[in-house]
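These notes are about the structure you will find just below.
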Amino acid sequence: MKLFVDNLTNVDFSYLDARRGLLGESWLVQLVLDGSLNEQGMICDFGIVKKAVKRWFDDCIDHALVVPTGMNDLVLQQDAQQTEVAWKYPGGETFYCRSPRQAIVLVELDSVTPESLARWCKDRLLALFPDEVQGLEISFVPENIQGAYYHYSHGLQQHDGNCQRIAHGHRSRIEIFLNGQRASEEEARWAETLRDIYIGTRSHLQSGEGEEHHYRYDAPQGEFEIKLPASRCHLMDTETTVEQIACHLAEQVKQANPDCDVMVKAFEGVGKGAIATA
């Protein structure tokens, strides 16, 4: 017998990619359990499955920076409290991140893909279930997006939960309306502007706006720091909540289209986001 759960949860996180650098991502989680029936006539209670798996992803992958330890040009330092990651972009620029240990997940992989990360998660998840569960298959599925979208990473210093982590991210749709009509050219322009971007807050910026951006802040989970090329950053004057991102984009689109009523629908991962007008 097999038990399946489609779209059990979704994970929003960032990871290091050997070609693209810091990459924000959002994946839906699909699960199949293989096993025998217990005395209740089931493999495992759906409620137990959902709670156990979601809790594991919340603790381990969601809102974290995932780093494949087999990458070239990677230098890692870790102690009981924090993790430091240094890496070189293909063009020679430097990436550096220092965070409390739970905010950076080191995975024994050469690269992160939906398939490789699913294999890494599989054995760890199987240990959560009773003996009736004899096998497990997990898959990550990107949302099917018709239209423009972008990958971004950020951190929210003032957030009480895991959003405070300085390098977590999302794969997000963007919808822009001018005078009530979808503006596909504007959507494509902003999706390209924000492609594989780090959206930073000006008050967190420690150095000038030169070739490198250096962000640092203290939050309830600890001290966070990140350095990356300025060309990979988009700076905002506010915290980078999805509400503020939507307002920021609406203002920018309005400047380019002053005679139009502007509405921006900015997504934060799958199925949620904010709407702003200008």
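Letters A, B, ... mark the chains of the structure tokens in the order given; residue numbers begin at 1 per chain; ligand numbers begin at 1, in order shown.
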
Handout entry: Residues within 12 Å of Asp58 in chain A, only C-alpha atoms, excluding chain neighbours under 3 positions, as number ranges by chain
Key = A: 9-13, 50-55, 61-64, 102-103, 161-163

Writer output for current selection, all heavy atoms, as a short mmCIF file (atom, residue, chain, number, x, y, z; two decimals), in the first residue's frame:
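What follows is the written file out-v9.cif:
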data_model
loop_
_atom_site.label_atom_id
_atom_site.label_comp_id
_atom_site.auth_asym_id
_atom_site.auth_seq_id
_atom_site.Cartn_x
_atom_site.Cartn_y
_atom_site.Cartn_z
N THR A 9 3.21 20.81 1.99
CA THR A 9 3.63 22.12 2.46
C THR A 9 4.47 22.73 1.35
O THR A 9 4.62 22.15 0.28
CB THR A 9 4.43 22.02 3.77
OG1 THR A 9 4.69 23.34 4.28
CG2 THR A 9 5.75 21.30 3.57
N ASN A 10 4.97 23.92 1.56
CA ASN A 10 5.96 24.47 0.64
C ASN A 10 7.12 25.03 1.46
O ASN A 10 6.95 25.43 2.62
CB ASN A 10 5.37 25.54 -0.28
CG ASN A 10 4.83 26.74 0.46
OD1 ASN A 10 3.69 26.74 0.91
ND2 ASN A 10 5.65 27.78 0.58
N VAL A 11 8.29 25.00 0.85
CA VAL A 11 9.48 25.51 1.52
C VAL A 11 10.00 26.72 0.77
O VAL A 11 10.09 26.73 -0.46
CB VAL A 11 10.59 24.43 1.62
CG1 VAL A 11 10.20 23.38 2.64
CG2 VAL A 11 10.87 23.77 0.28
N ASP A 12 10.28 27.78 1.52
CA ASP A 12 10.89 29.01 1.00
C ASP A 12 12.28 29.11 1.60
O ASP A 12 12.42 29.18 2.82
CB ASP A 12 10.06 30.23 1.41
CG ASP A 12 8.67 30.24 0.79
OD1 ASP A 12 8.58 30.39 -0.43
OD2 ASP A 12 7.69 30.09 1.55
N PHE A 13 13.29 29.12 0.74
CA PHE A 13 14.66 29.11 1.23
C PHE A 13 15.57 29.68 0.15
O PHE A 13 15.13 29.99 -0.96
CB PHE A 13 15.10 27.68 1.59
CG PHE A 13 15.21 26.75 0.41
CD1 PHE A 13 16.45 26.39 -0.09
CD2 PHE A 13 14.07 26.22 -0.20
CE1 PHE A 13 16.56 25.53 -1.18
CE2 PHE A 13 14.17 25.36 -1.28
CZ PHE A 13 15.43 25.02 -1.78
N LYS A 50 1.28 15.02 8.19
CA LYS A 50 1.39 16.45 7.89
C LYS A 50 2.15 17.21 8.98
O LYS A 50 3.03 18.01 8.69
CB LYS A 50 -0.02 17.05 7.73
CG LYS A 50 -0.74 16.57 6.48
CD LYS A 50 -2.12 17.21 6.37
CE LYS A 50 -2.84 16.75 5.12
NZ LYS A 50 -4.18 17.37 5.00
N LYS A 51 1.81 16.92 10.25
CA LYS A 51 2.47 17.64 11.33
C LYS A 51 3.96 17.32 11.41
O LYS A 51 4.80 18.21 11.55
CB LYS A 51 1.79 17.33 12.66
CG LYS A 51 0.42 17.95 12.82
CD LYS A 51 -0.21 17.58 14.16
CE LYS A 51 -1.60 18.17 14.31
NZ LYS A 51 -2.23 17.77 15.60
N ALA A 52 4.30 16.04 11.31
CA ALA A 52 5.69 15.63 11.46
C ALA A 52 6.56 16.16 10.33
O ALA A 52 7.66 16.68 10.55
CB ALA A 52 5.78 14.11 11.53
N VAL A 53 6.08 16.02 9.10
CA VAL A 53 6.87 16.46 7.95
C VAL A 53 6.98 17.98 7.91
O VAL A 53 8.07 18.53 7.68
CB VAL A 53 6.28 15.92 6.64
CG1 VAL A 53 7.02 16.47 5.43
CG2 VAL A 53 6.35 14.40 6.62
N LYS A 54 5.88 18.68 8.13
CA LYS A 54 5.94 20.14 8.11
C LYS A 54 6.86 20.66 9.21
O LYS A 54 7.65 21.60 8.98
CB LYS A 54 4.55 20.75 8.27
CG LYS A 54 4.54 22.26 8.06
CD LYS A 54 3.15 22.84 8.12
CE LYS A 54 3.15 24.30 7.71
NZ LYS A 54 4.13 25.14 8.43
N ARG A 55 6.80 20.07 10.40
CA ARG A 55 7.67 20.51 11.49
C ARG A 55 9.14 20.30 11.12
O ARG A 55 9.98 21.16 11.38
CB ARG A 55 7.33 19.75 12.78
CG ARG A 55 8.13 20.25 13.99
CD ARG A 55 7.82 19.42 15.23
NE ARG A 55 6.40 19.35 15.49
CZ ARG A 55 5.69 18.24 15.44
NH1 ARG A 55 6.27 17.08 15.12
NH2 ARG A 55 4.40 18.25 15.70
N ILE A 61 14.88 23.18 6.63
CA ILE A 61 15.10 23.76 5.31
C ILE A 61 14.45 25.13 5.16
O ILE A 61 15.05 26.07 4.62
CB ILE A 61 14.57 22.82 4.20
CG1 ILE A 61 15.25 21.45 4.29
CG2 ILE A 61 14.76 23.44 2.82
CD1 ILE A 61 16.72 21.45 3.95
N ASP A 62 13.22 25.25 5.62
CA ASP A 62 12.44 26.45 5.37
C ASP A 62 13.11 27.69 5.98
O ASP A 62 13.57 27.67 7.12
CB ASP A 62 11.04 26.28 5.96
CG ASP A 62 10.06 27.28 5.40
OD1 ASP A 62 9.99 27.43 4.17
OD2 ASP A 62 9.35 27.92 6.21
N HIS A 63 13.19 28.75 5.19
CA HIS A 63 13.76 30.03 5.62
C HIS A 63 15.23 29.92 6.05
O HIS A 63 15.69 30.67 6.91
CB HIS A 63 12.93 30.67 6.72
CG HIS A 63 11.63 31.24 6.21
ND1 HIS A 63 10.57 30.43 5.88
CD2 HIS A 63 11.25 32.50 5.94
CE1 HIS A 63 9.57 31.20 5.45
NE2 HIS A 63 9.95 32.46 5.46
N ALA A 64 15.95 28.99 5.44
CA ALA A 64 17.37 28.82 5.71
C ALA A 64 18.17 29.06 4.44
O ALA A 64 17.62 29.15 3.33
CB ALA A 64 17.65 27.41 6.25
N GLN A 102 21.66 27.54 13.09
CA GLN A 102 20.42 26.97 12.57
C GLN A 102 19.96 27.66 11.29
O GLN A 102 19.07 27.14 10.59
CB GLN A 102 19.31 27.05 13.63
CG GLN A 102 18.82 28.45 13.96
CD GLN A 102 19.60 29.09 15.10
OE1 GLN A 102 20.75 28.76 15.34
NE2 GLN A 102 18.95 30.01 15.81
N ALA A 103 20.54 28.80 10.94
CA ALA A 103 20.10 29.53 9.76
C ALA A 103 20.81 29.09 8.49
O ALA A 103 20.42 29.51 7.39
CB ALA A 103 20.32 31.04 9.97
N GLY A 161 10.12 35.51 13.86
CA GLY A 161 10.36 34.13 13.47
C GLY A 161 11.56 33.99 12.56
O GLY A 161 12.48 34.81 12.57
N ASN A 162 11.54 32.94 11.73
CA ASN A 162 12.71 32.62 10.91
C ASN A 162 12.92 33.56 9.73
O ASN A 162 13.96 33.49 9.07
CB ASN A 162 12.61 31.18 10.41
CG ASN A 162 12.81 30.17 11.53
OD1 ASN A 162 13.37 30.49 12.57
ND2 ASN A 162 12.32 28.96 11.32
N CYS A 163 11.96 34.45 9.46
CA CYS A 163 12.17 35.45 8.40
C CYS A 163 13.31 36.41 8.75
O CYS A 163 13.81 37.11 7.87
CB CYS A 163 10.90 36.23 8.14
SG CYS A 163 9.57 35.29 7.36
#

For Gln221 in chain A, list every protein, DNA or RNA residue within 12 Å, evaluated using only C-alpha atoms, and leave out those in the same chain fewer than 4 positions away; present the list as a PDB file with C-alpha atoms, in the first residue's frame.
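Saved result, selection27.pdb, follows:
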ATOM      1  CA  GLN A  81      26.910  28.818  17.747  1.00  0.00           C
ATOM      2  CA  GLN A  82      27.441  29.982  14.182  1.00  0.00           C
ATOM      3  CA  SER A  99      24.726  33.450  10.693  1.00  0.00           C
ATOM      4  CA  PRO A 100      23.596  31.538  13.759  1.00  0.00           C
ATOM      5  CA  ARG A 101      24.096  27.839  13.092  1.00  0.00           C
ATOM      6  CA  GLN A 102      20.420  26.971  12.572  1.00  0.00           C
ATOM      7  CA  ALA A 103      20.101  29.535   9.759  1.00  0.00           C
ATOM      8  CA  LEU A 156      13.867  40.786   8.009  1.00  0.00           C
ATOM      9  CA  GLN A 157      15.658  42.045  11.110  1.00  0.00           C
ATOM     10  CA  GLN A 158      12.439  42.934  12.932  1.00  0.00           C
ATOM     11  CA  HIS A 159      10.682  39.597  12.379  1.00  0.00           C
ATOM     12  CA  ASP A 160      10.140  37.382  15.434  1.00  0.00           C
ATOM     13  CA  GLY A 161      10.356  34.127  13.468  1.00  0.00           C
ATOM     14  CA  ASN A 162      12.705  32.621  10.908  1.00  0.00           C
ATOM     15  CA  CYS A 163      12.172  35.447   8.398  1.00  0.00           C
ATOM     16  CA  GLN A 164      14.829  37.312  10.404  1.00  0.00           C
ATOM     17  CA  ARG A 165      17.468  35.059   8.826  1.00  0.00           C
ATOM     18  CA  ILE A 166      19.546  37.227   6.512  1.00  0.00           C
ATOM     19  CA  TYR A 217      22.219  43.318  11.827  1.00  0.00           C
TER      20      TYR A 217
END

Exercise for the section: Find, counting only C-alpha atoms, the residue in A:Val29, A:Leu125, A:Ala266, A:Leu23 that gets nearest to Val112 in chain A. Expected result: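 Once distances to Val112 in chain A are computed over only C-alpha atoms, the minimum belongs to A:Leu23.
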
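The space between CA of Ala191 in chain A and CA of Thr277 in chain A spans 18.3 Å.
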
Practice task
Run DSSP on the backbone and give me the residues of range 28-197 of chain A it puts in strand (DSSP E), as a PyMOL selection string.
Solution key: chain A and resi 28-35+65-68+74-78+82-88+94-100+104-107+133-142+149-154+168-178+181-182+197

Problem - Asn72 in chain A surroundings by only C-alpha atoms, 10 Å radius, close-in-sequence under 3 positions cut, as a PyMOL selection string - result: chain A and resi 18+68-69+75+87-89+110

Exercise for the section: Rank A:Tyr15, A:Tyr149, A:Tyr215, A:Phe224 by their smallest atom-to-atom distance to Arg195 in chain A, using only C-alpha atoms, and report the top residue only. Expected result: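 Residue with the minimum atom-to-atom distance to Arg195 in chain A: A:Tyr149.
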
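Distance annotation: of A:Leu178, A:Ala86, A:Leu128, A:Val66, the residue with the minimal separation from Glu108 in chain A is A:Val66; atom set is only C-alpha atoms.
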
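What separates CA of Phe140 in chain A from CA of Trp27 in chain A is a distance of 5.6 Å.
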
Problem - Among listed residues A:Gln30, A:Leu22, A:Leu109, A:Glu143, nearest Met71 in chain A (using only C-alpha atoms) - result: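 The shortest atom-to-atom distance to Met71 in chain A comes from A:Leu109.
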
Handout entry: Distance criterion (only C-alpha atoms): nearest to Leu205 in chain A out of A:Leu16, A:Leu235, A:Ile245, A:Ile48
Key =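 Looking only at the distances to Leu205 in chain A, the closest residue turns out to be A:Leu235.
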
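Between CA of Arg98 in chain A and CA of Trp120 in chain A the interatomic distance comes to 23.4 Å.
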